[in-house]
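Step one of this worksheet: look at the structure below.
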6 protein chains.
Amino acid sequence: MELVPGNTLITETPEQGRELAIMLARKTVGAIQTDAETRQLLRAGYATDADSLTMATHVVAVEFATVAAANNYWRS
Amino acid sequence: MELVPGNTLITETPEQGRELAIMLARKTVGAIQTDAETRQLLRAGYATDADSLTMATHVVAVEFATVAAANNYWRS
Amino acid sequence: MELVPGNTLITETPEQGRELAIMLARKTVGAIQTDAETRQLLRAGYATDADSLTMATHVVAVEFATVAAANNYWRS
Amino acid sequence: MELVPGNTLITETPEQGRELAIMLARKTVGAIQTDAETRQLLRAGYATDADSLTMATHVVAVEFATVAAANNYWRS
Amino acid sequence: MELVPGNTLITETPEQGRELAIMLARKTVGAIQTDAETRQLLRAGYATDADSLTMATHVVAVEFATVAAANNYWRS
Amino acid sequence: MELVPGNTLITETPEQGRELAIMLARKTVGAIQTDAETRQLLRAGYATDADSLTMATHVVAVEFATVAAANNYWRS
């Protein structure tokens with residue numbers, strides 16, 4: 001299973017870094033719950049629950065902190 | 001979809017960095033729950049629940065840590 | 001709306017840094033729930049719930065980590 | 001109100017740094033819930049709930065990360 | 001009990017770092033709940049609960065932050 | 001009470017660092033809930049609840065981040 005798309009944390013822009021952070025979180029979910037149909041079912045539920053969304057948003061924030069540090073914050 | 005407004009983490013002031021942190025969190029929510037009407041409905045609920053607010057505040061704190069580091073904490 | 005009081009993360013002492021961390025968290029709450037009366041109502045509830053208090057304490061800890069780093073931990 | 005005992009993050013040993021981390025968390029609780037009697041009541045409840053204890057332990061871990069960094073991890 | 005497979009945080013690639021982060025989290029679970037059968041039972045439950053999955057994903061994100069820093073983010 | 005076994009964050013190996021992270025978390029629990037019998041009772045409950053286990057695992061991850069940084073990630 002691929003957990004890190006492209007096998008690198010380096011991206012060209014913050015926007016791409018953010019997309020990577022989202023993908024990292026999703027790949028972990030896929031590694032724990034390997035059944036795609038089950039994941040699809042769960043997705044419908046949590047995307048309409050405010051706290052579930054906030055929790056997911058938090059995970060993306062933590063992943064992004066790592067990706068941003070890896071890229072020296074795309075400072076220039 | 002735009003996940004990082006302006007495609008940069010660099011801001012002129014801490015105040016703007018804080019605004020960016022809030023926007024980053026909101027853009028992630030938008031990426032997970034793409035239906036604006038559903039987001040609007042959820043917003044009404046979580047903004048009147050103390051723990052939901054605290055959870056959202058936490059996400060902003062995590063995003064801000066990254067933005068602040070990116071800007072060397074606007075030290076000078 | 002003012003999100004960062006004084007628009008700086010730099011404080012003279014750890015004590016002031018801690019006060020800033022608390023204010024940062026509160027300003028975020030104010031940005032999400034803009035109605036002061038609603039905030040007042042919610043406050044009564046969460047301040048008498050142990051887990052709500054712990055969650056709020058956690059947010060302050062995360063904000064303080066950023067403020068402390070910004071100030072090089074007031075090392076001397 | 002005193003939020004940072006001694007107004008410094010510098011301690012002589014990791015043990016003292018750990019004590020400071022616990023005190024920082026408690027001082028925040030005191031800043032949010034200013035009534036000592038209420039705090040005493042809440043304490044009885046959360047100290048006998050496993051998840052509440054874990055949440056409190058987490059806050060101490062986050063505070064300690066800051067204190068440890070401030071002290072360069074007491075490396076020598 | 002082995003808590004860190006290979007007794008090192010250094011990996012050749014981000015992909016391997018991610019696998020290590022997942023293993024670190026699982027080894028901790030094994031250290032707290034030492035009965036393999038109980039762990040197996042719990043696993044069935046949490047892998048079909050969206051919030052449980054998000055919480056587990058969060059732990060992996062935190063472990064990965066450490067592994068990534070240890071490897072200087074596999075920058076070159 | 002001893003909160004940091006050996007009063008140092010320095011360990012020889014990542015494995016020992018991980019053991020220290022687990023002990024740091026447990027010592028904090030002991031500082032908050034000082035009655036050993038109560039802790040024993042709580043332990044039975046949380047070790048058979050998936051989310052409680054995940055929360056505990058998270059605390060270990062946060063403590064380990066500090067211990068790993070203190071040891072420069074045992075890089076050589």
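Letters A, B, ... go to the chains of the structure tokens in the order shown; residues in each chain start at 1; ligands are counted from 1 in the same order.
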
Could you name the residues that touch segment 26-28 of chain C at 10 Å or less, counting only C-alpha atoms, but leaving out those on the same chain fewer than 6 positions away, as an MDAnalysis selection string? (chainID B and resid 18:19 22 53:54 56:58 60:61) or (chainID C and resid 1:5 20 34 56 59:60)

Would you save the residues of that selection, restricted to N, CA, C and O atoms, as a PDB file, in the first residue's frame?
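Just written: selection15.pdb:
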ATOM      1  N   ARG B  18      -3.033  35.087  12.020  1.00  0.00           N
ATOM      2  CA  ARG B  18      -4.171  34.490  12.730  1.00  0.00           C
ATOM      3  C   ARG B  18      -5.367  34.321  11.787  1.00  0.00           C
ATOM      4  O   ARG B  18      -6.042  33.292  11.809  1.00  0.00           O
ATOM      5  N   GLU B  19      -5.605  35.328  10.980  1.00  0.00           N
ATOM      6  CA  GLU B  19      -6.705  35.223  10.003  1.00  0.00           C
ATOM      7  C   GLU B  19      -6.437  34.071   9.029  1.00  0.00           C
ATOM      8  O   GLU B  19      -7.351  33.338   8.653  1.00  0.00           O
ATOM      9  N   ILE B  22      -7.253  30.726  10.628  1.00  0.00           N
ATOM     10  CA  ILE B  22      -8.698  30.456  10.626  1.00  0.00           C
ATOM     11  C   ILE B  22      -9.149  30.025   9.230  1.00  0.00           C
ATOM     12  O   ILE B  22      -9.917  29.069   9.073  1.00  0.00           O
ATOM     13  N   LEU B  53     -16.922  24.481  20.093  1.00  0.00           N
ATOM     14  CA  LEU B  53     -16.146  25.716  19.918  1.00  0.00           C
ATOM     15  C   LEU B  53     -14.708  25.514  20.374  1.00  0.00           C
ATOM     16  O   LEU B  53     -13.771  25.974  19.713  1.00  0.00           O
ATOM     17  N   THR B  54     -14.532  24.849  21.492  1.00  0.00           N
ATOM     18  CA  THR B  54     -13.173  24.616  21.988  1.00  0.00           C
ATOM     19  C   THR B  54     -12.387  23.759  21.002  1.00  0.00           C
ATOM     20  O   THR B  54     -11.201  24.018  20.740  1.00  0.00           O
ATOM     21  N   ALA B  56     -12.823  23.595  17.782  1.00  0.00           N
ATOM     22  CA  ALA B  56     -12.497  24.430  16.621  1.00  0.00           C
ATOM     23  C   ALA B  56     -11.356  25.391  16.956  1.00  0.00           C
ATOM     24  O   ALA B  56     -10.457  25.635  16.137  1.00  0.00           O
ATOM     25  N   THR B  57     -11.400  25.922  18.169  1.00  0.00           N
ATOM     26  CA  THR B  57     -10.351  26.832  18.627  1.00  0.00           C
ATOM     27  C   THR B  57      -8.997  26.125  18.660  1.00  0.00           C
ATOM     28  O   THR B  57      -7.963  26.712  18.328  1.00  0.00           O
ATOM     29  N   HIS B  58      -9.027  24.860  19.014  1.00  0.00           N
ATOM     30  CA  HIS B  58      -7.812  24.064  19.055  1.00  0.00           C
ATOM     31  C   HIS B  58      -7.203  23.912  17.660  1.00  0.00           C
ATOM     32  O   HIS B  58      -5.988  24.047  17.471  1.00  0.00           O
ATOM     33  N   VAL B  60      -7.488  25.925  15.176  1.00  0.00           N
ATOM     34  CA  VAL B  60      -6.888  27.210  14.803  1.00  0.00           C
ATOM     35  C   VAL B  60      -5.526  27.373  15.484  1.00  0.00           C
ATOM     36  O   VAL B  60      -4.562  27.841  14.874  1.00  0.00           O
ATOM     37  N   ALA B  61      -5.422  26.962  16.729  1.00  0.00           N
ATOM     38  CA  ALA B  61      -4.147  27.057  17.457  1.00  0.00           C
ATOM     39  C   ALA B  61      -3.054  26.235  16.775  1.00  0.00           C
ATOM     40  O   ALA B  61      -1.904  26.667  16.681  1.00  0.00           O
TER      41      ALA B  61
ATOM     42  N   MET C   1     -12.060  42.771  13.390  1.00  0.00           N
ATOM     43  CA  MET C   1     -11.879  42.164  14.721  1.00  0.00           C
ATOM     44  C   MET C   1     -10.394  41.967  15.037  1.00  0.00           C
ATOM     45  O   MET C   1      -9.612  41.599  14.167  1.00  0.00           O
ATOM     46  N   GLU C   2     -10.039  42.214  16.279  1.00  0.00           N
ATOM     47  CA  GLU C   2      -8.663  42.019  16.707  1.00  0.00           C
ATOM     48  C   GLU C   2      -8.504  40.581  17.198  1.00  0.00           C
ATOM     49  O   GLU C   2      -9.191  40.136  18.112  1.00  0.00           O
ATOM     50  N   LEU C   3      -7.573  39.862  16.575  1.00  0.00           N
ATOM     51  CA  LEU C   3      -7.340  38.467  16.965  1.00  0.00           C
ATOM     52  C   LEU C   3      -6.092  38.312  17.815  1.00  0.00           C
ATOM     53  O   LEU C   3      -5.996  37.397  18.628  1.00  0.00           O
ATOM     54  N   VAL C   4      -5.116  39.196  17.582  1.00  0.00           N
ATOM     55  CA  VAL C   4      -3.856  39.158  18.346  1.00  0.00           C
ATOM     56  C   VAL C   4      -3.707  40.499  19.070  1.00  0.00           C
ATOM     57  O   VAL C   4      -3.317  41.489  18.451  1.00  0.00           O
ATOM     58  N   PRO C   5      -3.982  40.539  20.364  1.00  0.00           N
ATOM     59  CA  PRO C   5      -3.883  41.801  21.104  1.00  0.00           C
ATOM     60  C   PRO C   5      -2.496  42.418  20.950  1.00  0.00           C
ATOM     61  O   PRO C   5      -1.489  41.737  21.188  1.00  0.00           O
ATOM     62  N   LEU C  20      -1.249  36.176  27.188  1.00  0.00           N
ATOM     63  CA  LEU C  20      -1.493  36.298  25.741  1.00  0.00           C
ATOM     64  C   LEU C  20      -2.078  35.004  25.189  1.00  0.00           C
ATOM     65  O   LEU C  20      -3.011  35.023  24.375  1.00  0.00           O
ATOM     66  N   THR C  34     -19.760  35.043  17.273  1.00  0.00           N
ATOM     67  CA  THR C  34     -19.625  36.499  17.383  1.00  0.00           C
ATOM     68  C   THR C  34     -20.623  37.114  18.367  1.00  0.00           C
ATOM     69  O   THR C  34     -20.483  38.286  18.716  1.00  0.00           O
ATOM     70  N   ALA C  56     -10.242  23.192  27.304  1.00  0.00           N
ATOM     71  CA  ALA C  56      -9.861  24.600  27.187  1.00  0.00           C
ATOM     72  C   ALA C  56      -8.410  24.806  27.622  1.00  0.00           C
ATOM     73  O   ALA C  56      -7.655  25.570  27.009  1.00  0.00           O
ATOM     74  N   VAL C  59      -6.040  23.902  24.846  1.00  0.00           N
ATOM     75  CA  VAL C  59      -5.880  24.929  23.815  1.00  0.00           C
ATOM     76  C   VAL C  59      -4.893  25.996  24.275  1.00  0.00           C
ATOM     77  O   VAL C  59      -4.023  26.428  23.508  1.00  0.00           O
ATOM     78  N   VAL C  60      -4.997  26.393  25.540  1.00  0.00           N
ATOM     79  CA  VAL C  60      -4.055  27.386  26.070  1.00  0.00           C
ATOM     80  C   VAL C  60      -2.628  26.852  26.009  1.00  0.00           C
ATOM     81  O   VAL C  60      -1.691  27.580  25.651  1.00  0.00           O
TER      82      VAL C  60
END

Neighbours of segment 36-47 of chain E within 9 Å (only C-alpha atoms; same-chain residues fewer than 4 positions away dropped), as a list in words?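 The filter keeps Val29, Ile32 and Gln33 of chain A; Val29, Gly30, Asp51, Ser52, Leu53 and Ala56 of chain E; Thr48, Asp49, Ala50 and Asp51 of chain F.
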
Long-range neighbours of segment 64-75 of chain C as number ranges by chain, 9 Å cut-off, only C-alpha atoms, 3 positions minimum in chain: B: 61, 64-66, 68-69, 72-75; C: 9-14, 17-22, 59-61; D: 8-10, 62-63, 65-67, 69-71

Can you spit out the residues from that selection as a JSON list (two decimals), in the first residue's frame, using N, CA and C atoms?
[["chain", "number", "residue", "atom", "x", "y", "z"],
["B", 61, "ALA", "N", -5.42, 26.96, 16.73],
["B", 61, "ALA", "CA", -4.15, 27.06, 17.46],
["B", 61, "ALA", "C", -3.05, 26.23, 16.78],
["B", 64, "PHE", "N", -2.11, 27.92, 13.51],
["B", 64, "PHE", "CA", -1.35, 29.15, 13.79],
["B", 64, "PHE", "C", 0.09, 28.83, 14.17],
["B", 65, "ALA", "N", 0.31, 27.74, 14.87],
["B", 65, "ALA", "CA", 1.69, 27.35, 15.21],
["B", 65, "ALA", "C", 2.53, 27.22, 13.94],
["B", 66, "THR", "N", 1.95, 26.64, 12.90],
["B", 66, "THR", "CA", 2.68, 26.47, 11.64],
["B", 66, "THR", "C", 2.89, 27.82, 10.95],
["B", 68, "ALA", "N", 2.93, 30.78, 12.30],
["B", 68, "ALA", "CA", 3.86, 31.59, 13.10],
["B", 68, "ALA", "C", 5.31, 31.16, 12.87],
["B", 69, "ALA", "N", 5.54, 29.84, 12.82],
["B", 69, "ALA", "CA", 6.90, 29.35, 12.56],
["B", 69, "ALA", "C", 7.35, 29.78, 11.16],
["B", 72, "ASN", "N", 8.78, 33.18, 11.14],
["B", 72, "ASN", "CA", 9.75, 33.43, 12.23],
["B", 72, "ASN", "C", 9.13, 34.25, 13.33],
["B", 73, "TYR", "N", 7.88, 34.03, 13.56],
["B", 73, "TYR", "CA", 7.15, 34.67, 14.66],
["B", 73, "TYR", "C", 7.10, 36.20, 14.53],
["B", 74, "TRP", "N", 7.29, 36.68, 13.30],
["B", 74, "TRP", "CA", 7.23, 38.16, 13.08],
["B", 74, "TRP", "C", 8.12, 38.86, 14.10],
["B", 75, "ARG", "N", 9.30, 38.34, 14.33],
["B", 75, "ARG", "CA", 10.12, 38.84, 15.46],
["B", 75, "ARG", "C", 10.64, 40.27, 15.26],
["C", 9, "LEU", "N", 3.53, 38.76, 19.09],
["C", 9, "LEU", "CA", 3.63, 37.59, 19.99],
["C", 9, "LEU", "C", 4.69, 37.81, 21.06],
["C", 10, "ILE", "N", 5.39, 38.93, 20.97],
["C", 10, "ILE", "CA", 6.50, 39.19, 21.89],
["C", 10, "ILE", "C", 5.97, 39.79, 23.19],
["C", 11, "THR", "N", 6.37, 39.18, 24.29],
["C", 11, "THR", "CA", 5.99, 39.71, 25.60],
["C", 11, "THR", "C", 7.25, 39.82, 26.46],
["C", 12, "GLU", "N", 7.14, 40.54, 27.54],
["C", 12, "GLU", "CA", 8.34, 40.74, 28.37],
["C", 12, "GLU", "C", 8.63, 39.55, 29.27],
["C", 13, "THR", "N", 7.59, 38.88, 29.70],
["C", 13, "THR", "CA", 7.78, 37.80, 30.68],
["C", 13, "THR", "C", 6.92, 36.58, 30.31],
["C", 14, "PRO", "N", 7.27, 35.41, 30.85],
["C", 14, "PRO", "CA", 6.43, 34.22, 30.69],
["C", 14, "PRO", "C", 5.01, 34.45, 31.17],
["C", 17, "GLY", "N", 3.25, 36.15, 28.62],
["C", 17, "GLY", "CA", 3.07, 35.22, 27.50],
["C", 17, "GLY", "C", 1.89, 34.29, 27.75],
["C", 18, "ARG", "N", 1.76, 33.90, 28.98],
["C", 18, "ARG", "CA", 0.64, 33.03, 29.35],
["C", 18, "ARG", "C", -0.70, 33.77, 29.21],
["C", 19, "GLU", "N", -0.71, 35.02, 29.64],
["C", 19, "GLU", "CA", -1.93, 35.83, 29.49],
["C", 19, "GLU", "C", -2.28, 35.98, 28.01],
["C", 20, "LEU", "N", -1.25, 36.18, 27.19],
["C", 20, "LEU", "CA", -1.49, 36.30, 25.74],
["C", 20, "LEU", "C", -2.08, 35.00, 25.19],
["C", 21, "ALA", "N", -1.54, 33.87, 25.63],
["C", 21, "ALA", "CA", -2.05, 32.58, 25.14],
["C", 21, "ALA", "C", -3.54, 32.42, 25.45],
["C", 22, "ILE", "N", -3.92, 32.82, 26.65],
["C", 22, "ILE", "CA", -5.34, 32.74, 27.02],
["C", 22, "ILE", "C", -6.17, 33.68, 26.15],
["C", 59, "VAL", "N", -6.04, 23.90, 24.85],
["C", 59, "VAL", "CA", -5.88, 24.93, 23.81],
["C", 59, "VAL", "C", -4.89, 26.00, 24.28],
["C", 60, "VAL", "N", -5.00, 26.39, 25.54],
["C", 60, "VAL", "CA", -4.06, 27.39, 26.07],
["C", 60, "VAL", "C", -2.63, 26.85, 26.01],
["C", 61, "ALA", "N", -2.45, 25.58, 26.31],
["C", 61, "ALA", "CA", -1.11, 24.97, 26.26],
["C", 61, "ALA", "C", -0.54, 25.03, 24.85],
["D", 8, "THR", "N", 9.14, 32.10, 35.27],
["D", 8, "THR", "CA", 10.21, 31.59, 34.41],
["D", 8, "THR", "C", 9.89, 30.15, 34.00],
["D", 9, "LEU", "N", 10.39, 29.76, 32.83],
["D", 9, "LEU", "CA", 10.23, 28.37, 32.38],
["D", 9, "LEU", "C", 11.48, 27.55, 32.69],
["D", 10, "ILE", "N", 12.50, 28.23, 33.20],
["D", 10, "ILE", "CA", 13.79, 27.56, 33.44],
["D", 10, "ILE", "C", 13.76, 26.83, 34.79],
["D", 62, "VAL", "N", 1.78, 18.27, 26.81],
["D", 62, "VAL", "CA", 1.96, 19.42, 25.91],
["D", 62, "VAL", "C", 2.71, 20.54, 26.62],
["D", 63, "GLU", "N", 2.35, 20.81, 27.86],
["D", 63, "GLU", "CA", 3.06, 21.85, 28.62],
["D", 63, "GLU", "C", 4.53, 21.46, 28.82],
["D", 65, "ALA", "N", 6.40, 19.66, 26.93],
["D", 65, "ALA", "CA", 7.16, 19.83, 25.68],
["D", 65, "ALA", "C", 7.73, 21.24, 25.60],
["D", 66, "THR", "N", 6.94, 22.23, 26.01],
["D", 66, "THR", "CA", 7.41, 23.62, 25.99],
["D", 66, "THR", "C", 8.49, 23.86, 27.04],
["D", 67, "VAL", "N", 8.24, 23.38, 28.24],
["D", 67, "VAL", "CA", 9.21, 23.56, 29.33],
["D", 67, "VAL", "C", 10.53, 22.86, 28.98],
["D", 69, "ALA", "N", 11.77, 22.18, 26.00],
["D", 69, "ALA", "CA", 12.46, 22.93, 24.95],
["D", 69, "ALA", "C", 13.12, 24.18, 25.54],
["D", 70, "ALA", "N", 12.41, 24.85, 26.45],
["D", 70, "ALA", "CA", 12.96, 26.05, 27.08],
["D", 70, "ALA", "C", 14.27, 25.75, 27.80],
["D", 71, "ASN", "N", 14.38, 24.56, 28.33],
["D", 71, "ASN", "CA", 15.56, 24.17, 29.10],
["D", 71, "ASN", "C", 16.57, 23.36, 28.27]]
